[in-house]
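Okay, run28.txt is below, compact mmCIF, C-alpha atoms:
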```
# COMPACT_ATOMS: atom_id res chain seq x y z
CA MET A 1 72.83 -48.37 -58.21
CA VAL A 2 72.45 -49.11 -61.89
CA THR A 3 75.62 -48.57 -63.90
CA THR A 4 75.39 -45.90 -66.57
CA THR A 5 76.59 -46.29 -70.11
CA PRO A 6 78.66 -43.69 -71.99
CA VAL A 7 75.55 -42.78 -73.99
CA GLU A 8 73.59 -42.17 -70.81
CA GLU A 9 76.39 -40.03 -69.44
CA GLU A 10 76.39 -37.93 -72.58
CA LEU A 11 72.58 -37.52 -72.42
CA LEU A 12 72.83 -36.63 -68.73
CA ARG A 13 75.37 -33.95 -69.59
CA LEU A 14 73.03 -32.59 -72.27
CA ALA A 15 69.98 -32.60 -69.98
CA GLY A 16 72.04 -30.96 -67.23
CA SER A 17 73.18 -28.20 -69.59
CA VAL A 18 69.63 -26.84 -69.89
CA PRO A 19 69.34 -23.45 -68.14
CA ASP A 20 66.92 -23.02 -65.25
CA PRO A 21 63.85 -21.15 -66.60
CA GLU A 22 63.66 -18.76 -63.62
CA LEU A 23 67.35 -18.43 -62.82
CA PRO A 24 68.87 -18.68 -66.30
CA VAL A 25 72.39 -18.15 -64.98
CA LEU A 26 72.21 -21.66 -63.52
CA THR A 27 72.10 -24.92 -65.41
CA LEU A 28 69.89 -27.73 -64.18
CA GLU A 29 73.06 -29.68 -63.34
CA GLU A 30 74.35 -26.84 -61.15
CA LEU A 31 70.95 -26.64 -59.47
CA GLY A 32 71.19 -30.39 -58.81
CA VAL A 33 67.73 -31.34 -60.05
CA VAL A 34 68.53 -33.87 -62.80
CA ARG A 35 68.68 -37.21 -61.03
CA GLY A 36 69.53 -39.51 -63.91
CA VAL A 37 69.02 -40.59 -67.49
CA ARG A 38 68.16 -44.14 -68.55
CA VAL A 39 68.14 -45.47 -72.08
CA LEU A 40 65.33 -48.05 -72.15
CA GLU A 41 66.16 -49.07 -75.70
CA PRO A 42 67.80 -47.22 -78.59
CA GLY A 43 65.79 -44.04 -79.16
CA ARG A 44 63.78 -44.28 -75.92
CA VAL A 45 65.00 -42.32 -72.92
CA VAL A 46 63.65 -41.54 -69.46
CA VAL A 47 64.98 -38.54 -67.53
CA GLU A 48 64.43 -38.28 -63.78
CA LEU A 49 63.90 -34.73 -62.55
CA THR A 50 63.29 -33.60 -58.97
CA PRO A 51 61.51 -30.35 -58.07
CA THR A 52 63.12 -27.79 -55.76
CA TYR A 53 59.74 -27.17 -54.11
CA THR A 54 56.73 -29.48 -54.48
CA GLY A 55 54.73 -26.70 -56.10
CA CYS A 56 57.54 -25.25 -58.20
CA PRO A 57 55.82 -24.13 -61.43
CA ALA A 58 59.13 -24.14 -63.32
CA ILE A 59 59.20 -27.95 -63.40
CA GLU A 60 56.94 -28.10 -66.46
CA THR A 61 59.16 -25.72 -68.42
CA MET A 62 62.23 -27.66 -67.30
CA SER A 63 60.69 -30.91 -68.57
CA ALA A 64 59.76 -29.36 -71.92
CA ASP A 65 63.25 -27.86 -72.30
CA ILE A 66 64.96 -31.20 -71.56
CA GLU A 67 62.70 -32.98 -74.04
CA ARG A 68 63.47 -30.41 -76.70
CA VAL A 69 67.24 -30.59 -76.18
CA LEU A 70 67.40 -34.38 -76.17
CA ARG A 71 65.12 -34.68 -79.21
CA GLY A 72 67.30 -32.13 -80.95
CA SER A 73 70.28 -34.38 -80.38
CA GLY A 74 68.57 -37.30 -82.05
CA VAL A 75 66.55 -39.13 -79.37
CA PRO A 76 63.03 -39.57 -80.79
CA GLU A 77 61.25 -40.57 -77.57
CA VAL A 78 62.03 -38.64 -74.39
CA ARG A 79 59.99 -38.92 -71.22
CA VAL A 80 60.71 -36.75 -68.18
CA VAL A 81 59.43 -38.15 -64.89
CA THR A 82 59.30 -36.26 -61.60
CA VAL A 83 60.78 -37.96 -58.55
CA LEU A 84 60.32 -36.60 -55.02
CA SER A 85 62.48 -38.98 -53.05
CA PRO A 86 65.09 -38.40 -51.80
CA ALA A 87 63.95 -34.81 -51.37
CA TRP A 88 66.01 -32.10 -53.05
CA SER A 89 68.09 -29.93 -50.75
CA THR A 90 69.85 -26.64 -51.33
CA ASP A 91 73.02 -28.61 -50.50
CA ASP A 92 72.53 -30.16 -53.97
CA ILE A 93 73.44 -26.83 -55.61
CA SER A 94 77.03 -27.09 -56.81
CA ALA A 95 79.83 -24.75 -55.71
CA GLU A 96 79.84 -23.25 -59.21
CA GLY A 97 76.07 -22.78 -58.94
CA ARG A 98 76.48 -20.89 -55.66
CA ARG A 99 79.14 -18.66 -57.15
CA LYS A 100 76.87 -17.84 -60.11
CA LEU A 101 73.91 -17.08 -57.85
CA ALA A 102 75.95 -14.54 -55.87
CA GLU A 103 77.22 -13.01 -59.10
CA PHE A 104 73.59 -12.73 -60.29
CA GLY A 105 72.68 -10.77 -57.14
CA ILE A 106 71.10 -13.62 -55.16
CA ALA A 107 72.69 -14.61 -51.84
CA PRO A 108 73.30 -18.35 -52.12
CA PRO A 109 71.89 -20.79 -49.54
CA ARG A 110 74.14 -21.60 -46.62
CA PRO A 111 75.32 -25.20 -46.38
CA GLN A 112 73.26 -27.29 -43.96
CA GLY A 113 75.07 -30.58 -43.75
CA PRO A 114 73.37 -33.67 -42.33
CA GLY A 115 70.59 -33.05 -39.84
CA GLY A 116 70.46 -29.31 -40.47
CA GLY A 117 66.99 -27.84 -40.14
CA PRO A 118 65.59 -25.37 -42.61
CA VAL A 119 65.25 -22.59 -40.08
CA SER A 120 67.95 -23.48 -37.59
CA VAL A 121 70.90 -22.12 -39.53
CA SER A 122 72.43 -19.01 -38.02
CA LEU A 123 75.46 -18.17 -40.19
CA ALA A 124 75.39 -14.59 -41.46
CA ILE A 125 73.98 -13.97 -44.92
CA ARG A 126 76.27 -11.86 -47.04
CA CYS A 127 74.98 -9.03 -49.25
CA PRO A 128 75.62 -10.09 -52.86
CA HIS A 129 76.14 -6.44 -53.85
CA CYS A 130 78.67 -5.09 -51.34
CA GLY A 131 79.68 -8.20 -49.41
CA SER A 132 78.61 -6.92 -46.00
CA THR A 133 77.30 -9.47 -43.51
CA GLU A 134 75.09 -6.80 -41.91
CA THR A 135 71.80 -7.80 -43.53
CA GLU A 136 68.24 -8.07 -42.25
CA LEU A 137 65.19 -10.11 -43.18
CA LEU A 138 62.32 -8.21 -44.82
CA SER A 139 60.10 -11.16 -45.72
CA ARG A 140 60.43 -14.94 -45.46
CA PHE A 141 58.96 -15.34 -48.92
CA SER A 142 60.07 -13.34 -51.93
CA SER A 143 59.57 -13.39 -55.72
CA THR A 144 59.45 -17.20 -55.58
CA ALA A 145 58.87 -19.67 -52.74
CA CYS A 146 62.56 -20.64 -52.74
CA LYS A 147 63.77 -17.13 -51.91
CA ALA A 148 63.52 -14.73 -48.97
CA LEU A 149 63.71 -10.95 -49.29
CA ARG A 150 66.51 -9.25 -47.34
CA ARG A 151 68.08 -5.82 -47.12
CA CYS A 152 71.70 -4.88 -46.63
CA THR A 153 72.07 -2.39 -43.79
CA ALA A 154 75.47 -1.27 -45.15
CA CYS A 155 74.62 -0.43 -48.79
CA ARG A 156 70.82 -0.32 -48.24
CA GLU A 157 70.14 -2.48 -51.31
CA PRO A 158 67.39 -5.12 -51.07
CA PHE A 159 68.30 -8.55 -52.36
CA ASP A 160 66.96 -12.09 -52.68
CA HIS A 161 68.36 -14.92 -50.59
CA PHE A 162 67.99 -18.50 -51.76
CA LYS A 163 66.56 -20.10 -48.62
CA GLU A 164 68.05 -23.23 -47.13
CA LEU A 165 65.81 -26.23 -47.79
CA MET B 1 55.43 -48.13 -58.13
CA THR B 2 53.49 -49.07 -55.02
CA ALA B 3 50.03 -50.52 -55.56
CA THR B 4 47.25 -48.15 -54.56
CA THR B 5 45.10 -49.46 -51.73
CA PRO B 6 41.77 -48.01 -50.57
CA ALA B 7 43.49 -46.90 -47.34
CA LEU B 8 46.20 -45.04 -49.27
CA THR B 9 43.60 -43.43 -51.53
CA GLY B 10 41.60 -42.27 -48.52
CA ALA B 11 44.66 -40.92 -46.76
CA ALA B 12 45.91 -39.12 -49.86
CA LEU B 13 42.46 -37.60 -50.36
CA ALA B 14 42.23 -36.34 -46.77
CA LEU B 15 45.69 -34.76 -46.71
CA GLY B 16 45.40 -33.60 -50.33
CA ASP B 17 42.07 -31.87 -49.69
CA ASP B 18 43.52 -30.13 -46.62
CA ALA B 19 46.32 -28.72 -48.77
CA LEU B 20 44.07 -27.82 -51.72
CA VAL B 21 41.42 -26.01 -49.69
CA LEU B 22 43.88 -24.04 -47.57
CA SER B 23 45.79 -23.15 -50.72
CA HIS B 24 42.63 -21.69 -52.22
CA ARG B 25 41.79 -19.75 -49.07
CA LEU B 26 45.29 -18.24 -48.92
CA GLY B 27 45.04 -17.39 -52.62
CA GLU B 28 42.02 -15.24 -51.79
CA TRP B 29 44.42 -12.80 -50.11
CA ALA B 30 45.92 -11.87 -53.49
CA GLY B 31 45.15 -8.19 -53.98
CA HIS B 32 43.98 -7.75 -50.37
CA ALA B 33 46.94 -8.43 -48.07
CA PRO B 34 47.97 -5.62 -45.67
CA VAL B 35 51.43 -5.18 -47.22
CA LEU B 36 53.03 -6.32 -50.46
CA GLU B 37 55.53 -8.62 -48.72
CA GLU B 38 52.67 -10.49 -47.06
CA GLU B 39 50.75 -10.73 -50.28
CA VAL B 40 53.75 -12.49 -51.80
CA ALA B 41 54.35 -14.63 -48.70
CA LEU B 42 50.77 -15.90 -48.53
CA ALA B 43 50.74 -16.63 -52.26
CA ASN B 44 54.00 -18.56 -51.92
CA ILE B 45 52.64 -20.61 -49.03
CA ALA B 46 49.52 -21.26 -51.13
CA LEU B 47 51.73 -22.42 -54.00
CA ASP B 48 53.61 -24.87 -51.77
CA LEU B 49 50.29 -26.28 -50.57
CA LEU B 50 48.97 -26.52 -54.12
CA GLY B 51 52.05 -28.51 -55.13
CA GLN B 52 51.48 -30.89 -52.22
CA ALA B 53 47.81 -31.19 -53.15
CA ARG B 54 48.66 -32.09 -56.74
CA VAL B 55 50.95 -34.92 -55.67
CA LEU B 56 48.50 -36.23 -53.07
CA LEU B 57 45.39 -36.03 -55.24
CA SER B 58 47.26 -37.74 -58.08
CA LEU B 59 47.77 -40.70 -55.73
CA ALA B 60 43.98 -40.83 -55.30
CA GLY B 61 42.91 -40.32 -58.94
CA ASP B 62 42.82 -37.57 -61.56
CA GLU B 63 43.85 -34.33 -59.84
CA ASP B 64 41.66 -32.04 -61.95
CA GLU B 65 38.55 -34.18 -61.66
CA LEU B 66 39.04 -34.46 -57.92
CA ALA B 67 39.61 -30.74 -57.44
CA PHE B 68 37.00 -29.33 -59.80
CA LEU B 69 34.24 -31.88 -60.26
CA ARG B 70 33.54 -33.21 -56.79
CA GLU B 71 30.59 -32.02 -54.75
CA GLU B 72 31.02 -30.54 -51.31
CA ARG B 73 30.18 -33.74 -49.46
CA ALA B 74 32.92 -35.65 -51.27
CA PHE B 75 35.69 -33.44 -49.88
CA ARG B 76 37.60 -34.89 -46.92
CA ASN B 77 39.45 -31.82 -45.63
CA VAL B 78 39.24 -30.77 -42.00
CA GLN B 79 36.86 -27.88 -41.36
CA LEU B 80 39.67 -25.68 -40.03
CA VAL B 81 41.17 -25.08 -43.49
CA GLU B 82 37.86 -24.10 -45.10
CA GLN B 83 37.15 -21.33 -42.59
CA PRO B 84 37.01 -17.86 -44.20
CA ASN B 85 40.14 -15.73 -44.01
CA GLY B 86 38.65 -13.11 -41.68
CA ASP B 87 41.14 -10.39 -40.81
CA PHE B 88 44.89 -10.95 -41.13
CA ALA B 89 45.16 -12.11 -37.50
CA ARG B 90 42.54 -14.79 -38.03
CA THR B 91 44.38 -16.05 -41.10
CA ILE B 92 47.58 -16.18 -39.04
CA ALA B 93 45.77 -18.12 -36.28
CA ARG B 94 44.59 -20.64 -38.89
CA GLN B 95 48.15 -20.83 -40.24
CA LEU B 96 49.58 -21.37 -36.77
CA TYR B 97 47.15 -24.18 -35.94
CA PHE B 98 47.41 -25.88 -39.31
CA SER B 99 51.11 -25.50 -40.15
CA THR B 100 52.05 -26.82 -36.70
CA TYR B 101 49.81 -29.84 -37.31
CA GLN B 102 51.09 -30.40 -40.82
CA ARG B 103 54.73 -30.12 -39.79
CA LEU B 104 54.33 -32.65 -36.97
CA LEU B 105 52.28 -35.01 -39.15
CA TYR B 106 54.58 -34.86 -42.17
CA GLY B 107 57.62 -35.24 -39.92
CA ARG B 108 56.22 -38.52 -38.60
CA LEU B 109 55.16 -39.75 -42.05
CA ALA B 110 58.59 -38.93 -43.45
CA ALA B 111 60.23 -41.05 -40.78
CA ALA B 112 57.80 -43.93 -41.26
CA GLY B 113 59.74 -45.61 -44.06
CA GLU B 114 59.15 -46.08 -47.76
CA SER B 115 55.67 -45.29 -49.06
CA PRO B 116 54.18 -42.81 -51.54
CA LEU B 117 53.01 -40.70 -48.58
CA SER B 118 56.39 -40.68 -46.87
CA GLY B 119 58.15 -39.52 -50.05
CA LEU B 120 55.86 -36.52 -50.31
CA ALA B 121 56.02 -35.89 -46.57
CA ALA B 122 59.84 -35.84 -46.54
CA LYS B 123 59.77 -33.23 -49.27
CA ALA B 124 56.92 -31.15 -47.91
CA VAL B 125 58.00 -31.07 -44.26
CA LYS B 126 60.89 -28.79 -45.22
CA GLU B 127 58.49 -26.36 -46.92
CA VAL B 128 56.00 -26.48 -44.07
CA ALA B 129 58.77 -25.61 -41.59
CA TYR B 130 58.89 -22.19 -43.27
CA HIS B 131 55.09 -21.87 -43.10
CA GLN B 132 55.17 -22.58 -39.38
CA ASP B 133 58.00 -20.12 -38.85
CA HIS B 134 56.03 -17.47 -40.75
CA ALA B 135 52.90 -18.09 -38.65
CA GLU B 136 54.88 -18.14 -35.41
CA GLN B 137 56.70 -14.86 -36.09
CA TRP B 138 53.42 -13.12 -36.95
CA THR B 139 51.67 -14.55 -33.89
CA LEU B 140 54.45 -13.14 -31.71
CA ARG B 141 54.38 -9.79 -33.46
CA LEU B 142 50.62 -9.37 -33.32
CA GLY B 143 50.10 -10.91 -29.89
CA ASP B 144 52.93 -8.93 -28.30
CA GLY B 145 52.21 -5.81 -30.38
CA THR B 146 49.62 -3.10 -29.82
CA ALA B 147 46.44 -3.52 -27.77
CA GLU B 148 44.51 -3.70 -31.05
CA SER B 149 46.73 -6.36 -32.64
CA HIS B 150 46.76 -8.34 -29.39
CA ASP B 151 42.96 -8.36 -29.25
CA ARG B 152 42.63 -9.38 -32.86
CA MET B 153 45.17 -12.19 -32.53
CA ARG B 154 43.38 -13.47 -29.43
CA ALA B 155 40.01 -13.27 -31.21
CA GLY B 156 41.38 -15.19 -34.19
CA CYS B 157 42.80 -17.96 -32.02
CA GLU B 158 39.57 -18.25 -30.07
CA ALA B 159 37.28 -18.25 -33.11
CA LEU B 160 39.09 -21.21 -34.66
CA TRP B 161 39.70 -23.18 -31.50
CA ARG B 162 36.64 -25.39 -31.91
CA PHE B 163 37.98 -26.66 -35.24
CA THR B 164 41.28 -27.93 -33.80
CA GLY B 165 39.98 -31.15 -32.22
CA GLU B 166 39.19 -32.64 -35.60
CA LEU B 167 42.84 -32.49 -36.66
CA PHE B 168 43.60 -35.47 -34.44
CA ARG B 169 40.83 -37.82 -35.47
CA PRO B 170 42.67 -40.83 -36.90
CA VAL B 171 42.76 -41.05 -40.69
CA GLU B 172 42.83 -44.59 -42.05
CA GLY B 173 46.05 -45.21 -43.91
CA VAL B 174 47.97 -42.58 -41.92
CA ASP B 175 49.90 -44.70 -39.47
CA VAL B 176 50.93 -42.33 -36.70
CA ASP B 177 50.31 -42.11 -32.95
CA TRP B 178 47.50 -39.56 -32.98
CA ALA B 179 47.41 -39.04 -29.21
CA GLU B 180 51.11 -38.25 -29.17
CA LEU B 181 50.71 -35.98 -32.20
CA GLU B 182 47.99 -34.06 -30.37
CA ALA B 183 50.11 -33.72 -27.23
CA ASP B 184 53.04 -32.38 -29.26
CA TRP B 185 50.76 -29.97 -31.10
CA LEU B 186 49.28 -28.62 -27.87
CA ALA B 187 52.75 -28.16 -26.37
CA SER B 188 54.00 -26.33 -29.45
CA VAL B 189 50.98 -24.03 -29.83
CA THR B 190 50.90 -23.30 -26.10
CA GLY B 191 54.57 -22.29 -26.21
CA VAL B 192 54.06 -19.88 -29.10
CA LEU B 193 50.93 -18.31 -27.60
CA GLU B 194 52.61 -17.80 -24.23
CA ARG B 195 55.58 -16.07 -25.83
CA ALA B 196 53.06 -13.92 -27.70
CA THR B 197 51.53 -12.89 -24.32
CA LEU B 198 48.40 -14.86 -25.22
CA THR B 199 46.85 -17.86 -23.56
CA LEU B 200 45.53 -21.09 -24.98
CA PRO B 201 41.82 -20.57 -25.71
CA GLU B 202 39.36 -22.27 -23.42
CA GLY B 203 36.29 -24.15 -24.46
CA PRO B 204 35.57 -27.25 -26.49
CA ARG B 205 37.79 -28.15 -29.41
CA THR B 206 34.98 -29.70 -31.44
CA GLY B 207 31.55 -28.53 -32.52
CA ALA B 208 28.41 -29.51 -30.67
CA TRP B 209 27.28 -31.87 -33.41
CA ARG B 210 28.86 -35.27 -32.73
CA ALA B 211 27.98 -36.92 -36.06
CA GLY B 212 31.34 -36.10 -37.60
CA ALA B 213 33.14 -33.37 -39.44
CA GLY B 214 35.16 -32.60 -42.56
CA ARG B 215 36.89 -35.97 -42.72
CA GLN B 216 33.41 -37.52 -43.06
CA GLY B 217 32.40 -35.02 -45.74
CA LEU B 218 30.43 -32.72 -43.44
CA HIS B 219 31.46 -29.13 -44.00
CA THR B 220 30.63 -25.70 -42.67
CA GLU B 221 28.42 -23.29 -44.55
CA PRO B 222 31.14 -21.03 -46.08
CA PHE B 223 32.75 -24.03 -47.80
CA GLY B 224 30.03 -24.34 -50.45
CA ARG B 225 30.56 -20.77 -51.56
CA MET B 226 34.30 -21.25 -51.67
CA LEU B 227 33.90 -24.35 -53.85
CA ALA B 228 31.52 -22.54 -56.19
CA GLU B 229 34.16 -19.92 -56.84
CA MET B 230 36.98 -22.47 -57.10
CA GLN B 231 35.13 -24.77 -59.50
CA HIS B 232 32.97 -22.55 -61.65
CA LEU B 233 35.52 -21.80 -64.36
CA HIS B 234 36.38 -25.45 -64.89
CA ARG B 235 32.71 -26.47 -64.86
CA SER B 236 31.70 -23.68 -67.25
CA HIS B 237 34.45 -24.50 -69.76
CA PRO B 238 35.10 -28.26 -69.56
CA GLY B 239 38.45 -29.26 -70.99
CA ALA B 240 39.57 -25.67 -71.61
CA THR B 241 43.33 -25.09 -71.68
CA TRP B 242 45.41 -21.92 -71.43
```
As a first step, turn the structure in this file into structure tokens.
Amino acid sequence: MVTTTPVEEELLRLAGSVPDPELPVLTLEELGVVRGVRVLEPGRVVVELTPTYTGCPAIETMSADIERVLRGSGVPEVRVVTVLSPAWSTDDISAEGRRKLAEFGIAPPRPQGPGGGPVSVSLAIRCPHCGSTETELLSRFSSTACKALRRCTACREPFDHFKEL
Amino acid sequence: MTATTPALTGAALALGDDALVLSHRLGEWAGHAPVLEEEVALANIALDLLGQARVLLSLAGDEDELAFLREERAFRNVQLVEQPNGDFARTIARQLYFSTYQRLLYGRLAAAGESPLSGLAAKAVKEVAYHQDHAEQWTLRLGDGTAESHDRMRAGCEALWRFTGELFRPVEGVDVDWAELEADWLASVTGVLERATLTLPEGPRTGAWRAGAGRQGLHTEPFGRMLAEMQHLHRSHPGATW
């Protein structure tokens, strides 16, 4: 592990403060996708970003937003690189991020812990509208690849569930 | 950064072309799927595959040149993924065969230590698990559904059966036990089909022509038409951007 300098920590905080383009209630830090910031030399910075899904189209907007924010704070040369390994997991979403997702009407992913499979989890999924655990799956894939479409059998409202990955 | 070897390039091209071609086929369902939820599901699966294809093809060269400027004989995908969509049941049969293969293959590559392929595989295997689950649930629902859906699901599985043998021809640069992979695949597919009140199709799992198949650049007749549609915009407007 390379030690980070105070400047890098400040730039990491700035990069992490960028809102997610598709879920603007979340910051990239809360989503857990900013892996690190390195200052190569004064004025030259590399940001490591990891995609939620390999084909996530939001990654290009995220990169552009990070570049804009860091340039705006006085770094002339910003390069955002995509890293795949170690693979992002929904366990990387912070507790605050989960709370915000639920508040936004999206059931947050259930924690998987080590060795948990993406489809082996069986904890109940709570309706983000009324809080009932009586919910049913409508479709494994919803408005984006990272979400499934569910319906609450208590309040009858459909809602998105951020799938465990 | 790991140095690119010819074996890695070849492996990335084979697996990348599989993902790219199936992604395009699934994309053809947009506007035609039986229900809106499935339209979205198939498009999402296609998007996952496209993301994998971009990473893999970038290991082999320029992703756009490879996708849009190669001729049919230069593609290294298995023939299974280029087969036309057919009805929904046939698409699900293709998904069942291929997602089971991809999940088992990526799972092994992910566990095989540090390499550009294993990094992608570790990421993609989690996505593919959802593709396999999707295909499995639909196979059960159609196979164990009405007489009509049962017949269509059986017909889909049988029509594609002769393209499944090619999946297990060793690919240079992909260091897995292919015989074991095939045995695991057969066990998995057999289990799903039996629960769906179907049986494993009979008959040969390769075509009659022994000279080779998709991995050698030999493709079936519908593939040329698919490529023409996939490539024509890029070829007609070189360098165009949105």
_Close residues, range 93-97 of chain A itself excluded, 8 Å, all atoms listed in the file, min 4 positions apart in chain, as a ChimeraX atom specification_ = /A:26-27,30-32,89,101
*Residue contacts of Arg94 in chain B (8 Å, only C-alpha atoms) excluding same-chain residues fewer than 2 positions away, as a ChimeraX atom specification*: /B:80-81,90-92,96-98,156-157,160
*Interatomic distance between CA of Ser132 in chain A and CA of Cys152 in chain A?*
7.2 Å
*Of the candidates A:Arg140, A:His129, A:Arg151, A:His161, which one gets nearest to chain B if we count all atoms listed in the file?*
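Among A:Arg140, A:His129, A:Arg151, A:His161, it is A:Arg140 that comes nearest to chain B.
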Once 3 Å is added on each side, what centre and edge lengths in Å to one decimal does the axis-aligned box around all listed atoms of range 80-93 of chain B have, as AutoDock Vina command-line options?
```
--center_x 42.3 --center_y -18.0 --center_z -40.7 --size_x 16.6 --size_y 21.3 --size_z 14.8
```
Can you build me a table of chain B residues sitting at most 9 Å from chain A, with the closest atom pair per residue and its distance in Å to one decimal, using all atoms listed in the file, sorted by chain and residue number, as a tab-separated table?
```
residue	atom	partner	partner_atom	distance
B:Glu37	CA	A:Ser139	CA	6.0
B:Glu38	CA	A:Ser139	CA	7.6
B:Val40	CA	A:Ser142	CA	6.4
B:Ala41	CA	A:Phe141	CA	4.7
B:Leu42	CA	A:Phe141	CA	8.2
B:Ala43	CA	A:Ala145	CA	8.7
B:Asn44	CA	A:Ala145	CA	5.1
B:Ile45	CA	A:Ala145	CA	7.3
B:Leu47	CA	A:Gly55	CA	5.6
B:Asp48	CA	A:Gly55	CA	4.8
B:Leu49	CA	A:Gly55	CA	7.1
B:Leu50	CA	A:Gly55	CA	6.1
B:Gly51	CA	A:Gly55	CA	3.4
B:Gln52	CA	A:Thr54	CA	5.9
B:Ala53	CA	A:Gly55	CA	8.8
B:Arg54	CA	A:Gly55	CA	8.1
B:Val55	CA	A:Thr54	CA	8.0
B:Ser118	CA	A:Ser85	CA	8.8
B:Gly119	CA	A:Ser85	CA	5.3
B:Leu120	CA	A:Leu84	CA	6.5
B:Ala122	CA	A:Ala87	CA	6.4
B:Lys123	CA	A:Ala87	CA	4.9
B:Ala124	CA	A:Thr54	CA	6.8
B:Lys126	CA	A:Leu165	CA	6.1
B:Glu127	CA	A:Tyr53	CA	7.3
B:Ala129	CA	A:Pro118	CA	6.9
B:Tyr130	CA	A:Val119	CA	7.1
B:Asp133	CA	A:Val119	CA	7.8
B:His134	CA	A:Arg140	CA	6.9
```
Could you save the residues just selected, with C-alpha atoms, as a compact mmCIF listing (two decimals), in the coordinates of the input?
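Dumped to part29.txt:
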```txt
# COMPACT_ATOMS: atom_id res chain seq x y z
CA GLU B 37 55.53 -8.62 -48.72
CA GLU B 38 52.67 -10.49 -47.06
CA VAL B 40 53.75 -12.49 -51.80
CA ALA B 41 54.35 -14.63 -48.70
CA LEU B 42 50.77 -15.90 -48.53
CA ALA B 43 50.74 -16.63 -52.26
CA ASN B 44 54.00 -18.56 -51.92
CA ILE B 45 52.64 -20.61 -49.03
CA LEU B 47 51.73 -22.42 -54.00
CA ASP B 48 53.61 -24.87 -51.77
CA LEU B 49 50.29 -26.28 -50.57
CA LEU B 50 48.97 -26.52 -54.12
CA GLY B 51 52.05 -28.51 -55.13
CA GLN B 52 51.48 -30.89 -52.22
CA ALA B 53 47.81 -31.19 -53.15
CA ARG B 54 48.66 -32.09 -56.74
CA VAL B 55 50.95 -34.92 -55.67
CA SER B 118 56.39 -40.68 -46.87
CA GLY B 119 58.15 -39.52 -50.05
CA LEU B 120 55.86 -36.52 -50.31
CA ALA B 122 59.84 -35.84 -46.54
CA LYS B 123 59.77 -33.23 -49.27
CA ALA B 124 56.92 -31.15 -47.91
CA LYS B 126 60.89 -28.79 -45.22
CA GLU B 127 58.49 -26.36 -46.92
CA ALA B 129 58.77 -25.61 -41.59
CA TYR B 130 58.89 -22.19 -43.27
CA ASP B 133 58.00 -20.12 -38.85
CA HIS B 134 56.03 -17.47 -40.75
```
*Rounded to one decimal place, report the CA of Trp242 in chain B-CA of Glu229 in chain B distance in Å.*
18.5 Å
*Name the residues within 12 Å of (34.3, -32.7, -53.6), counting only C-alpha atoms in the file's coordinates, and put them as a PyMOL selection string.*
chain B and resi 13-14+16-18+20-21+57+63-77+214-219+223-224+226-228+230-231
Hey, can you spit out that residue selection with C-alpha atoms as a compact mmCIF listing (two decimals), keeping the file's coordinate frame?
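Below is the file out.txt, written as the result:
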```txt
# COMPACT_ATOMS: atom_id res chain seq x y z
CA LEU B 13 42.46 -37.60 -50.36
CA ALA B 14 42.23 -36.34 -46.77
CA GLY B 16 45.40 -33.60 -50.33
CA ASP B 17 42.07 -31.87 -49.69
CA ASP B 18 43.52 -30.13 -46.62
CA LEU B 20 44.07 -27.82 -51.72
CA VAL B 21 41.42 -26.01 -49.69
CA LEU B 57 45.39 -36.03 -55.24
CA GLU B 63 43.85 -34.33 -59.84
CA ASP B 64 41.66 -32.04 -61.95
CA GLU B 65 38.55 -34.18 -61.66
CA LEU B 66 39.04 -34.46 -57.92
CA ALA B 67 39.61 -30.74 -57.44
CA PHE B 68 37.00 -29.33 -59.80
CA LEU B 69 34.24 -31.88 -60.26
CA ARG B 70 33.54 -33.21 -56.79
CA GLU B 71 30.59 -32.02 -54.75
CA GLU B 72 31.02 -30.54 -51.31
CA ARG B 73 30.18 -33.74 -49.46
CA ALA B 74 32.92 -35.65 -51.27
CA PHE B 75 35.69 -33.44 -49.88
CA ARG B 76 37.60 -34.89 -46.92
CA ASN B 77 39.45 -31.82 -45.63
CA GLY B 214 35.16 -32.60 -42.56
CA ARG B 215 36.89 -35.97 -42.72
CA GLN B 216 33.41 -37.52 -43.06
CA GLY B 217 32.40 -35.02 -45.74
CA LEU B 218 30.43 -32.72 -43.44
CA HIS B 219 31.46 -29.13 -44.00
CA PHE B 223 32.75 -24.03 -47.80
CA GLY B 224 30.03 -24.34 -50.45
CA MET B 226 34.30 -21.25 -51.67
CA LEU B 227 33.90 -24.35 -53.85
CA ALA B 228 31.52 -22.54 -56.19
CA MET B 230 36.98 -22.47 -57.10
CA GLN B 231 35.13 -24.77 -59.50
```
*Do you know which residues are at most 12 Å from Thr135 in chain A counting all atoms listed in the file, after dropping those on the same chain fewer than 4 positions away, and could you put them as a list of chain:residue names?*
A:Ala107, A:Leu123, A:Ala124, A:Ile125, A:Arg126, A:Cys127, A:Pro128, A:His129, A:Cys130, A:Gly131, A:Leu149, A:Arg150, A:Arg151, A:Cys152, A:Thr153, A:Ala154, A:Cys155, A:Arg156, A:Glu157, A:Pro158, A:Phe159, A:Asp160, A:His161
*Point-to-point distance from CA of Val34 in chain A to CA of Arg13 in chain A, Å rounded to tenths*: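 Those two atoms sit 9.6 Å apart.
Counting only C-alpha atoms and comparing B:Val125, B:Pro201, B:Asp87, B:Leu59, the residue that lies closest to Pro34 in chain B is B:Asp87.
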